[in-house]
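All remarks here apply to the structure that follows.
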Amino acid sequence: MPERRTVALVTLGCARNEVDSEELAGRLAADGWELVEEAADADVAVVNTCGFVEAAKKDSVDALLEANDLKDHGKTRAVVAVGCMAERYGKELAQALPEADGVLGFDDYADISERLGTILNGGIHASHTPRDRRKLLPLSPVERQGATGVALPGHGDNAASAVATALDPALDQAPAPEDLPEGVAPVSGPRAPLRRRLGTSPVASVKLASGCDRRCSFCAIPSFRGSFISRRPSDVLNETRWLAEQGVKEVMLVSENNTSYGKDLGDIRLLETLLPELAEVDGIERVRVSYLQPAEMRPGLIEVLTSTPKVAPYFDLSFQHSAPGVLRAMRRFGDTERFLELLATIRSKAPLAGVRSNFIVGFPGESEADFAELERFLTGARLDAIGIFGYSDEDGTEAVTYDGKLDADVIAERLEHLSRLAEELTAQRAEERLGESLTVLVESSGGEDGEERAVGRAAHQAPETDGQVIFTSARGLVPGRMVEAKVVGTEGVDLVAECLDEEACG
């Protein structure tokens with residue numbers, strides 16, 4: 001009888017990392033590992049790290065140290081770092097953090113079971129030397145699809161999917177007969193990705209692509225995530241069908257830049273074709289698109305996002321700033337007036353559309369006039385959710401070399417001021433929705449301290465990053481159900497609503 005091996009995945013960072021963790025879970029389950037929820041109950045704790053900004057890197061280190069402490073108090077025998085921070089720093093992270101028993105890069109994902117087995121048995125797997133992953137794929141996007149030997153986390157692979165199905169029927173994956181290992185009989189049903197869900201939420205993310213071809217001067221992501229490469233529409237559709245079979249009601253399409261989807265497949269407008277097909281998948285009630293570049297928005301995409309049934313009129317637009325000089329220094333495009341025109345176009349087609357964005361304050365050379373321009377844009381934009389970040393140097397980025405760095409206290413002052421303004425503006429935007437009728441996906445329903453509470457999200461609210469809908473009564477509301485509701489109050493950015501669905505709420 002094979003040895004029982006248990007593993008827990010701890011995921012930090014963005015929704016893209018969540019997809020990567022579920023692919024790792026699928027690979028491990030296929031090779032006989034038992035997945036457990038708590039790191040304290042696992043032989044191996046795998047921490048999927050984030051390497052985007054200093055705060056995220058600190059959280060990742062803290063999570064690794066916390067997991068390491070379990071080796072003294074729980075059954076945990078090894079702690080392994082994976083994800084963006086592990087890929088970005090490799091040997092450097094391993095040397096700086098000896099508490100981690102292994103630091104694995106993206107190239108290790110296909111052999112994750114073997115790597116963890118080696119580490120668990122006291123062996124050492126040498127950490128990689130980081131390299132610029134942009135150089136691993138052809139410069140021309142249309143030549144990338146045929147490239148081999150490049151790890152693309154979250155994309156899966158059909159051969160591994162076939163083996164996973166054969167070895168672990170619980171994955172509910174049915175490969176094509178020619179992909180089955182010798183001696184394994186074919187089964188009926190749709191082909192599905194190498195992925196194991198790590199939760200029961202009615203919402204799941206699906207990767208459209210990996211990497212990014214933009215060269216924003218403040219961002220290091222392309223260097224460790226690589227150049228942009230799309231997944232084929234058939235893979236995205238199959239994964240969505242499989243998720244629907246697992247009870248998922250909403251899928252959120254994620255990548256570093258969804259507006260570029262299809263350019264390496266020969267059709268930059270492929271997203272406009274794919275969205276209606278995803279919306280027609282049985283069991284899926286809502287499709288949401290995240291990570292959109294304002295400079296790449298096109299009329300056809302806006303039309304599909306605002307007029308397709310079951311596609312959320314939701315725009316996660318990466319503005320970052322609105323002062324022209326700062327945007328140029330960031331190697332980005334646009335200005336306040338162009339951005340306001342874009343928002344006006346969207347709202348002319350879908351007046352209740354949700355819009356969120358992130359902004360950086362204190363970028364090198366940002367003047368008081370630039371900061372005032374950003375404040376002017378925020379005041380006029382009527383955004384539903386706003387993220388404000390203070391600039392900090394990121395290793396390997398162009399902005400590190402810029403003159404005109406602002407003092408830390410100036411950045412902190414601007415960050416505090418704009419954060420307060422953002423909080424006020426998003427609360428005002430929530431109040432504008434009083435009296436609106438919403439279609440809400442119930443995500444949780446239960447009681448704390450004897451008081452029942454049900455919470456969900458409307459079309460203009462994405463998971464984790466935006467506000468939520470709090471129901472006035474939890475009666476009859478179960479997670480995964482779409483119900484009609486009316487906004488009757490607000491709590492900051494959150495909406496308070498009463499259920500209008502007599503069948504659901506009684």
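Ordered as shown in the structure tokens, chains take letters A, B, and onward, while each chain numbers its residues from 1 and ligands are numbered from 1 in the order shown.
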
Residues of stretch 215-319 of chain A that approach stretch 366-389 of chain A to 12 Å or less, counting only C-alpha atoms: could you list each one with the shortest pair of atoms and its distance in Å to one decimal, rows by chain and increasing residue number, as CSV?
```
residue,atom,partner,partner_atom,distance
A:Tyr314,CA,A:Asp384,CA,10.1
A:Phe315,CA,A:Leu383,CA,9.9
A:Asp316,CA,A:Ala385,CA,9.3
A:Leu317,CA,A:Leu383,CA,10.2
A:Ser318,CA,A:Gly387,CA,10.3
A:Phe319,CA,A:Leu374,CA,10.3
```

Write out as a ChimeraX atom specification which residues come within 7 Å of stretch 424-438 of chain A when counting only C-alpha atoms, dropping same-chain ones fewer than 3 positions away. /A:382-385,420-421,458,484-490,492-495

Could those selected residues go to a file with N, CA, C and O atoms, as a PDB file, in the first residue's frame?
```
ATOM      1  N   ARG A 382     -16.524  58.707 -10.997  1.00  0.00           N
ATOM      2  CA  ARG A 382     -17.618  57.931 -10.369  1.00  0.00           C
ATOM      3  C   ARG A 382     -17.309  56.426 -10.425  1.00  0.00           C
ATOM      4  O   ARG A 382     -18.096  55.626 -10.909  1.00  0.00           O
ATOM      5  N   LEU A 383     -16.171  56.051  -9.887  1.00  0.00           N
ATOM      6  CA  LEU A 383     -15.766  54.651  -9.878  1.00  0.00           C
ATOM      7  C   LEU A 383     -16.406  53.921  -8.702  1.00  0.00           C
ATOM      8  O   LEU A 383     -16.591  54.481  -7.622  1.00  0.00           O
ATOM      9  N   ASP A 384     -16.699  52.639  -8.905  1.00  0.00           N
ATOM     10  CA  ASP A 384     -17.317  51.836  -7.848  1.00  0.00           C
ATOM     11  C   ASP A 384     -16.297  51.330  -6.839  1.00  0.00           C
ATOM     12  O   ASP A 384     -16.636  51.090  -5.677  1.00  0.00           O
ATOM     13  N   ALA A 385     -15.072  51.120  -7.272  1.00  0.00           N
ATOM     14  CA  ALA A 385     -14.013  50.641  -6.384  1.00  0.00           C
ATOM     15  C   ALA A 385     -12.697  51.226  -6.832  1.00  0.00           C
ATOM     16  O   ALA A 385     -12.427  51.320  -8.037  1.00  0.00           O
ATOM     17  N   ARG A 420      -8.296  58.655   1.456  1.00  0.00           N
ATOM     18  CA  ARG A 420      -9.501  59.209   2.107  1.00  0.00           C
ATOM     19  C   ARG A 420     -10.510  59.664   1.073  1.00  0.00           C
ATOM     20  O   ARG A 420     -11.717  59.417   1.197  1.00  0.00           O
ATOM     21  N   LEU A 421     -10.009  60.332   0.022  1.00  0.00           N
ATOM     22  CA  LEU A 421     -10.896  60.794  -1.038  1.00  0.00           C
ATOM     23  C   LEU A 421     -11.560  59.607  -1.732  1.00  0.00           C
ATOM     24  O   LEU A 421     -12.772  59.635  -2.002  1.00  0.00           O
ATOM     25  N   ALA A 458     -23.314  41.747  -6.783  1.00  0.00           N
ATOM     26  CA  ALA A 458     -24.040  42.103  -7.996  1.00  0.00           C
ATOM     27  C   ALA A 458     -23.058  42.144  -9.173  1.00  0.00           C
ATOM     28  O   ALA A 458     -21.855  41.931  -9.011  1.00  0.00           O
ATOM     29  N   GLU A 484     -33.039  38.229  -7.376  1.00  0.00           N
ATOM     30  CA  GLU A 484     -33.298  39.643  -7.630  1.00  0.00           C
ATOM     31  C   GLU A 484     -33.412  40.378  -6.299  1.00  0.00           C
ATOM     32  O   GLU A 484     -34.011  39.865  -5.344  1.00  0.00           O
ATOM     33  N   ALA A 485     -32.862  41.564  -6.218  1.00  0.00           N
ATOM     34  CA  ALA A 485     -32.864  42.325  -4.974  1.00  0.00           C
ATOM     35  C   ALA A 485     -32.943  43.811  -5.278  1.00  0.00           C
ATOM     36  O   ALA A 485     -32.658  44.257  -6.395  1.00  0.00           O
ATOM     37  N   LYS A 486     -33.324  44.582  -4.258  1.00  0.00           N
ATOM     38  CA  LYS A 486     -33.419  46.037  -4.383  1.00  0.00           C
ATOM     39  C   LYS A 486     -32.553  46.683  -3.321  1.00  0.00           C
ATOM     40  O   LYS A 486     -32.589  46.293  -2.147  1.00  0.00           O
ATOM     41  N   VAL A 487     -31.759  47.682  -3.716  1.00  0.00           N
ATOM     42  CA  VAL A 487     -30.869  48.372  -2.787  1.00  0.00           C
ATOM     43  C   VAL A 487     -31.692  49.294  -1.892  1.00  0.00           C
ATOM     44  O   VAL A 487     -32.399  50.182  -2.378  1.00  0.00           O
ATOM     45  N   VAL A 488     -31.574  49.084  -0.592  1.00  0.00           N
ATOM     46  CA  VAL A 488     -32.338  49.901   0.363  1.00  0.00           C
ATOM     47  C   VAL A 488     -31.434  50.672   1.307  1.00  0.00           C
ATOM     48  O   VAL A 488     -31.905  51.487   2.106  1.00  0.00           O
ATOM     49  N   GLY A 489     -30.114  50.443   1.230  1.00  0.00           N
ATOM     50  CA  GLY A 489     -29.197  51.157   2.110  1.00  0.00           C
ATOM     51  C   GLY A 489     -27.754  50.907   1.704  1.00  0.00           C
ATOM     52  O   GLY A 489     -27.470  50.129   0.790  1.00  0.00           O
ATOM     53  N   THR A 490     -26.835  51.589   2.378  1.00  0.00           N
ATOM     54  CA  THR A 490     -25.410  51.407   2.096  1.00  0.00           C
ATOM     55  C   THR A 490     -24.627  51.349   3.401  1.00  0.00           C
ATOM     56  O   THR A 490     -25.056  51.893   4.423  1.00  0.00           O
ATOM     57  N   GLY A 492     -20.817  52.186   3.655  1.00  0.00           N
ATOM     58  CA  GLY A 492     -19.594  52.510   2.937  1.00  0.00           C
ATOM     59  C   GLY A 492     -19.752  52.108   1.485  1.00  0.00           C
ATOM     60  O   GLY A 492     -20.703  52.505   0.813  1.00  0.00           O
ATOM     61  N   VAL A 493     -18.846  51.264   0.991  1.00  0.00           N
ATOM     62  CA  VAL A 493     -18.920  50.820  -0.394  1.00  0.00           C
ATOM     63  C   VAL A 493     -19.906  49.657  -0.568  1.00  0.00           C
ATOM     64  O   VAL A 493     -20.306  49.329  -1.676  1.00  0.00           O
ATOM     65  N   ASP A 494     -20.313  49.032   0.540  1.00  0.00           N
ATOM     66  CA  ASP A 494     -21.237  47.902   0.468  1.00  0.00           C
ATOM     67  C   ASP A 494     -22.679  48.373   0.326  1.00  0.00           C
ATOM     68  O   ASP A 494     -23.050  49.460   0.803  1.00  0.00           O
ATOM     69  N   LEU A 495     -23.488  47.518  -0.307  1.00  0.00           N
ATOM     70  CA  LEU A 495     -24.902  47.804  -0.483  1.00  0.00           C
ATOM     71  C   LEU A 495     -25.726  46.911   0.436  1.00  0.00           C
ATOM     72  O   LEU A 495     -25.398  45.741   0.635  1.00  0.00           O
TER      73      LEU A 495
END
```

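Ranking A:Ala204, A:Val10, A:Leu477, A:Cys505 by their shortest atom-to-atom distance to A:Cys50, with only C-alpha atoms included, puts A:Val10 first.
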
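The smallest atom-to-atom distance between A:Lys91 and any of A:Leu35, A:Leu237, A:Ile268, A:Val103, using only C-alpha atoms, is found for A:Val103.
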
Restricting to only C-alpha atoms, whichever of A:Ser234, A:Ser201, A:Ser348, A:Ser223 is closest to A:Val478 is A:Ser201

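Distances here use only C-alpha atoms; by that measure, the residue among A:Arg269, A:Arg475, A:His321, A:Arg4 closest to A:Asp31 is A:Arg4.
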
Atom pair atom CA of A:Ala30 / atom CA of A:Glu256: separation (Å):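 Result for atom CA of A:Ala30 versus atom CA of A:Glu256: 28.3 Å, one decimal.
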
Measuring between only C-alpha atoms, which one of A:Ser255, A:Thr439, A:Thr76, A:Ser322 shows the shortest distance to A:Ser210?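 Of all the options, A:Ser255 lies closest to A:Ser210.
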
With distances taken over only C-alpha atoms, which of A:Tyr261, A:Phe218, A:Phe339, A:Phe359 is nearest to A:Ala295?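 Of the candidates, the smallest distance to A:Ala295 is held by A:Phe339.
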
Leaving out A:Glu66 and any residue of its chain fewer than 2 positions from it, which residues lie within 12 Å of it when counting only C-alpha atoms, given as an MDAnalysis selection string? chainID A and resid 10 39:40 45:47 59:64 68:74 76 79 99:100

So how many Å separate atom CA of A:Pro309 and atom CA of A:Glu280, to one decimal?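 These atoms are spaced 9.0 Å apart.
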
Selection near A:Arg232, 10 Å with only C-alpha atoms, sequence-local residues under 2 positions removed, as a list in words: Gln145, His155, Leu208, Ala209, Ile229, Ser230, Ser234, Asp235, Val236, Leu237, Tyr261, Gly262, Leu265 and Leu270 of chain A

So which residues of stretch 239-337 of chain A fall under alpha helix (DSSP H) by DSSP, listed as a VMD selection string? chain A and resid 239 to 245 270 to 279 299 to 307 324 to 329 336 to 337

Limited to N, CA, C and O atoms, could you put the picked residues into a file as a CSV table (one decimal), in the first residue's frame?
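Result went into selection32.csv, see below:
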```csv
chain,number,residue,atom,x,y,z
A,239,GLU,N,-12.7,24.2,-19.7
A,239,GLU,CA,-12.5,24.4,-18.3
A,239,GLU,C,-13.8,25.1,-17.7
A,239,GLU,O,-14.2,24.7,-16.6
A,240,THR,N,-14.4,26.0,-18.4
A,240,THR,CA,-15.6,26.6,-17.9
A,240,THR,C,-16.8,25.6,-17.8
A,240,THR,O,-17.5,25.6,-16.8
A,241,ARG,N,-16.9,24.7,-18.7
A,241,ARG,CA,-17.9,23.6,-18.6
A,241,ARG,C,-17.6,22.7,-17.4
A,241,ARG,O,-18.6,22.3,-16.7
A,242,TRP,N,-16.4,22.4,-17.2
A,242,TRP,CA,-16.0,21.5,-16.1
A,242,TRP,C,-16.3,22.3,-14.8
A,242,TRP,O,-16.9,21.6,-13.8
A,243,LEU,N,-16.0,23.5,-14.7
A,243,LEU,CA,-16.3,24.3,-13.5
A,243,LEU,C,-17.8,24.3,-13.2
A,243,LEU,O,-18.3,24.2,-12.1
A,244,ALA,N,-18.6,24.5,-14.3
A,244,ALA,CA,-20.1,24.5,-14.1
A,244,ALA,C,-20.6,23.2,-13.6
A,244,ALA,O,-21.5,23.1,-12.7
A,245,GLU,N,-19.9,22.1,-14.0
A,245,GLU,CA,-20.3,20.8,-13.4
A,245,GLU,C,-20.0,20.7,-11.9
A,245,GLU,O,-20.6,19.9,-11.2
A,270,LEU,N,-10.8,38.2,-30.6
A,270,LEU,CA,-11.2,36.8,-30.2
A,270,LEU,C,-12.1,36.8,-28.9
A,270,LEU,O,-13.0,36.0,-28.8
A,271,LEU,N,-11.8,37.8,-28.0
A,271,LEU,CA,-12.5,37.8,-26.8
A,271,LEU,C,-14.0,38.2,-27.1
A,271,LEU,O,-14.9,37.7,-26.4
A,272,GLU,N,-14.2,39.0,-28.1
A,272,GLU,CA,-15.6,39.4,-28.4
A,272,GLU,C,-16.4,38.2,-28.9
A,272,GLU,O,-17.6,38.1,-28.8
A,273,THR,N,-15.7,37.2,-29.5
A,273,THR,CA,-16.3,36.0,-30.0
A,273,THR,C,-16.5,35.0,-28.9
A,273,THR,O,-17.5,34.3,-28.8
A,274,LEU,N,-15.5,34.9,-28.0
A,274,LEU,CA,-15.5,33.9,-26.9
A,274,LEU,C,-16.6,34.2,-25.8
A,274,LEU,O,-17.2,33.3,-25.3
A,275,LEU,N,-16.7,35.5,-25.5
A,275,LEU,CA,-17.6,35.8,-24.4
A,275,LEU,C,-19.1,35.3,-24.6
A,275,LEU,O,-19.6,34.7,-23.6
A,276,PRO,N,-19.7,35.5,-25.7
A,276,PRO,CA,-21.1,34.9,-25.9
A,276,PRO,C,-21.1,33.4,-25.7
A,276,PRO,O,-22.1,32.8,-25.2
A,277,GLU,N,-20.0,32.7,-26.2
A,277,GLU,CA,-20.0,31.2,-26.1
A,277,GLU,C,-19.9,30.8,-24.6
A,277,GLU,O,-20.5,29.8,-24.2
A,278,LEU,N,-19.1,31.5,-23.8
A,278,LEU,CA,-19.0,31.2,-22.4
A,278,LEU,C,-20.3,31.4,-21.7
A,278,LEU,O,-20.7,30.7,-20.8
A,279,ALA,N,-21.0,32.5,-22.1
A,279,ALA,CA,-22.2,32.8,-21.4
A,279,ALA,C,-23.3,31.8,-21.7
A,279,ALA,O,-24.3,31.7,-20.9
A,299,PRO,N,-14.3,49.6,-29.5
A,299,PRO,CA,-15.8,49.7,-29.5
A,299,PRO,C,-16.5,48.3,-29.5
A,299,PRO,O,-17.5,48.1,-28.8
A,300,GLY,N,-16.0,47.3,-30.3
A,300,GLY,CA,-16.6,46.0,-30.3
A,300,GLY,C,-16.6,45.3,-29.0
A,300,GLY,O,-17.6,44.6,-28.6
A,301,LEU,N,-15.5,45.5,-28.2
A,301,LEU,CA,-15.4,44.8,-26.9
A,301,LEU,C,-16.3,45.5,-25.9
A,301,LEU,O,-17.0,44.8,-25.1
A,302,ILE,N,-16.4,46.8,-26.0
A,302,ILE,CA,-17.3,47.5,-25.1
A,302,ILE,C,-18.8,47.1,-25.4
A,302,ILE,O,-19.6,46.9,-24.5
A,303,GLU,N,-19.1,46.9,-26.7
A,303,GLU,CA,-20.4,46.5,-27.1
A,303,GLU,C,-20.8,45.1,-26.5
A,303,GLU,O,-21.9,44.9,-25.9
A,304,VAL,N,-19.9,44.2,-26.6
A,304,VAL,CA,-20.1,42.8,-26.1
A,304,VAL,C,-20.2,42.8,-24.6
A,304,VAL,O,-21.1,42.2,-24.0
A,305,LEU,N,-19.4,43.6,-23.9
A,305,LEU,CA,-19.4,43.6,-22.4
A,305,LEU,C,-20.7,44.3,-21.9
A,305,LEU,O,-21.1,44.1,-20.8
A,306,THR,N,-21.3,45.2,-22.7
A,306,THR,CA,-22.4,45.9,-22.2
A,306,THR,C,-23.8,45.4,-22.7
A,306,THR,O,-24.8,45.8,-22.2
A,307,SER,N,-23.7,44.4,-23.6
A,307,SER,CA,-25.0,44.0,-24.2
A,307,SER,C,-25.2,42.5,-24.3
A,307,SER,O,-26.3,42.0,-24.7
A,324,PRO,N,-0.9,63.4,-17.9
A,324,PRO,CA,-0.2,62.9,-19.1
A,324,PRO,C,1.3,62.7,-18.9
A,324,PRO,O,1.8,61.7,-19.4
A,325,GLY,N,2.0,63.6,-18.2
A,325,GLY,CA,3.4,63.5,-18.0
A,325,GLY,C,3.7,62.3,-17.2
A,325,GLY,O,4.7,61.6,-17.5
A,326,VAL,N,3.0,62.0,-16.2
A,326,VAL,CA,3.2,60.8,-15.3
A,326,VAL,C,3.0,59.6,-16.1
A,326,VAL,O,3.7,58.6,-16.1
A,327,LEU,N,1.9,59.5,-16.9
A,327,LEU,CA,1.6,58.4,-17.7
A,327,LEU,C,2.7,58.1,-18.7
A,327,LEU,O,3.0,56.9,-18.9
A,328,ARG,N,3.2,59.1,-19.3
A,328,ARG,CA,4.3,58.9,-20.3
A,328,ARG,C,5.5,58.3,-19.6
A,328,ARG,O,6.2,57.4,-20.1
A,329,ALA,N,5.8,58.8,-18.4
A,329,ALA,CA,7.0,58.3,-17.7
A,329,ALA,C,6.7,56.8,-17.3
A,329,ALA,O,7.7,56.0,-17.1
A,336,THR,N,-6.7,62.6,-18.5
A,336,THR,CA,-8.0,62.7,-17.8
A,336,THR,C,-9.2,62.8,-18.8
A,336,THR,O,-10.2,62.0,-18.6
A,337,GLU,N,-9.1,63.6,-19.8
A,337,GLU,CA,-10.2,63.8,-20.7
A,337,GLU,C,-10.5,62.5,-21.5
A,337,GLU,O,-11.7,62.1,-21.7
```

Residue contacts of A:Val287 (7 Å, only C-alpha atoms) excluding same-chain residues fewer than 3 positions away, as JSON, numbers by chain: {"A": [250, 251, 252, 279, 310, 311, 312]}

May I have the selected residues written with N, CA, C and O atoms, as a PDB file, in the first residue's frame?
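Heads up, here's the output in selection-v7.pdb:
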```pdb
ATOM      1  N   GLU A 250     -20.427  31.577 -11.473  1.00  0.00           N
ATOM      2  CA  GLU A 250     -19.775  32.734 -12.101  1.00  0.00           C
ATOM      3  C   GLU A 250     -18.323  32.418 -12.378  1.00  0.00           C
ATOM      4  O   GLU A 250     -17.604  31.927 -11.497  1.00  0.00           O
ATOM      5  N   VAL A 251     -17.874  32.703 -13.601  1.00  0.00           N
ATOM      6  CA  VAL A 251     -16.453  32.585 -13.915  1.00  0.00           C
ATOM      7  C   VAL A 251     -15.889  33.981 -14.162  1.00  0.00           C
ATOM      8  O   VAL A 251     -16.546  34.834 -14.761  1.00  0.00           O
ATOM      9  N   MET A 252     -14.685  34.204 -13.656  1.00  0.00           N
ATOM     10  CA  MET A 252     -14.002  35.470 -13.852  1.00  0.00           C
ATOM     11  C   MET A 252     -12.767  35.200 -14.695  1.00  0.00           C
ATOM     12  O   MET A 252     -11.899  34.397 -14.321  1.00  0.00           O
ATOM     13  N   ALA A 279     -20.964  32.506 -22.076  1.00  0.00           N
ATOM     14  CA  ALA A 279     -22.243  32.834 -21.436  1.00  0.00           C
ATOM     15  C   ALA A 279     -23.307  31.772 -21.700  1.00  0.00           C
ATOM     16  O   ALA A 279     -24.271  31.666 -20.940  1.00  0.00           O
ATOM     17  N   LYS A 310     -25.818  37.599 -19.542  1.00  0.00           N
ATOM     18  CA  LYS A 310     -24.982  36.833 -18.615  1.00  0.00           C
ATOM     19  C   LYS A 310     -23.523  37.299 -18.583  1.00  0.00           C
ATOM     20  O   LYS A 310     -22.736  36.799 -17.769  1.00  0.00           O
ATOM     21  N   VAL A 311     -23.139  38.228 -19.444  1.00  0.00           N
ATOM     22  CA  VAL A 311     -21.805  38.833 -19.347  1.00  0.00           C
ATOM     23  C   VAL A 311     -21.940  40.109 -18.528  1.00  0.00           C
ATOM     24  O   VAL A 311     -22.724  40.995 -18.879  1.00  0.00           O
ATOM     25  N   ALA A 312     -21.210  40.189 -17.435  1.00  0.00           N
ATOM     26  CA  ALA A 312     -21.331  41.338 -16.535  1.00  0.00           C
ATOM     27  C   ALA A 312     -20.832  42.614 -17.199  1.00  0.00           C
ATOM     28  O   ALA A 312     -19.725  42.626 -17.755  1.00  0.00           O
TER      29      ALA A 312
END
```

Tell me which protein, DNA and RNA residues are within 8 Å of A:Arg414, counting only C-alpha atoms, leaving out same-chain ones fewer than 3 positions away, and put them as JSON, numbers by chain. {"A": [361, 362, 410, 411, 417, 418]}

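Atom CA of A:Leu104 to atom CA of A:Thr200 spans 27.4 Å [interatomic distance, one decimal].
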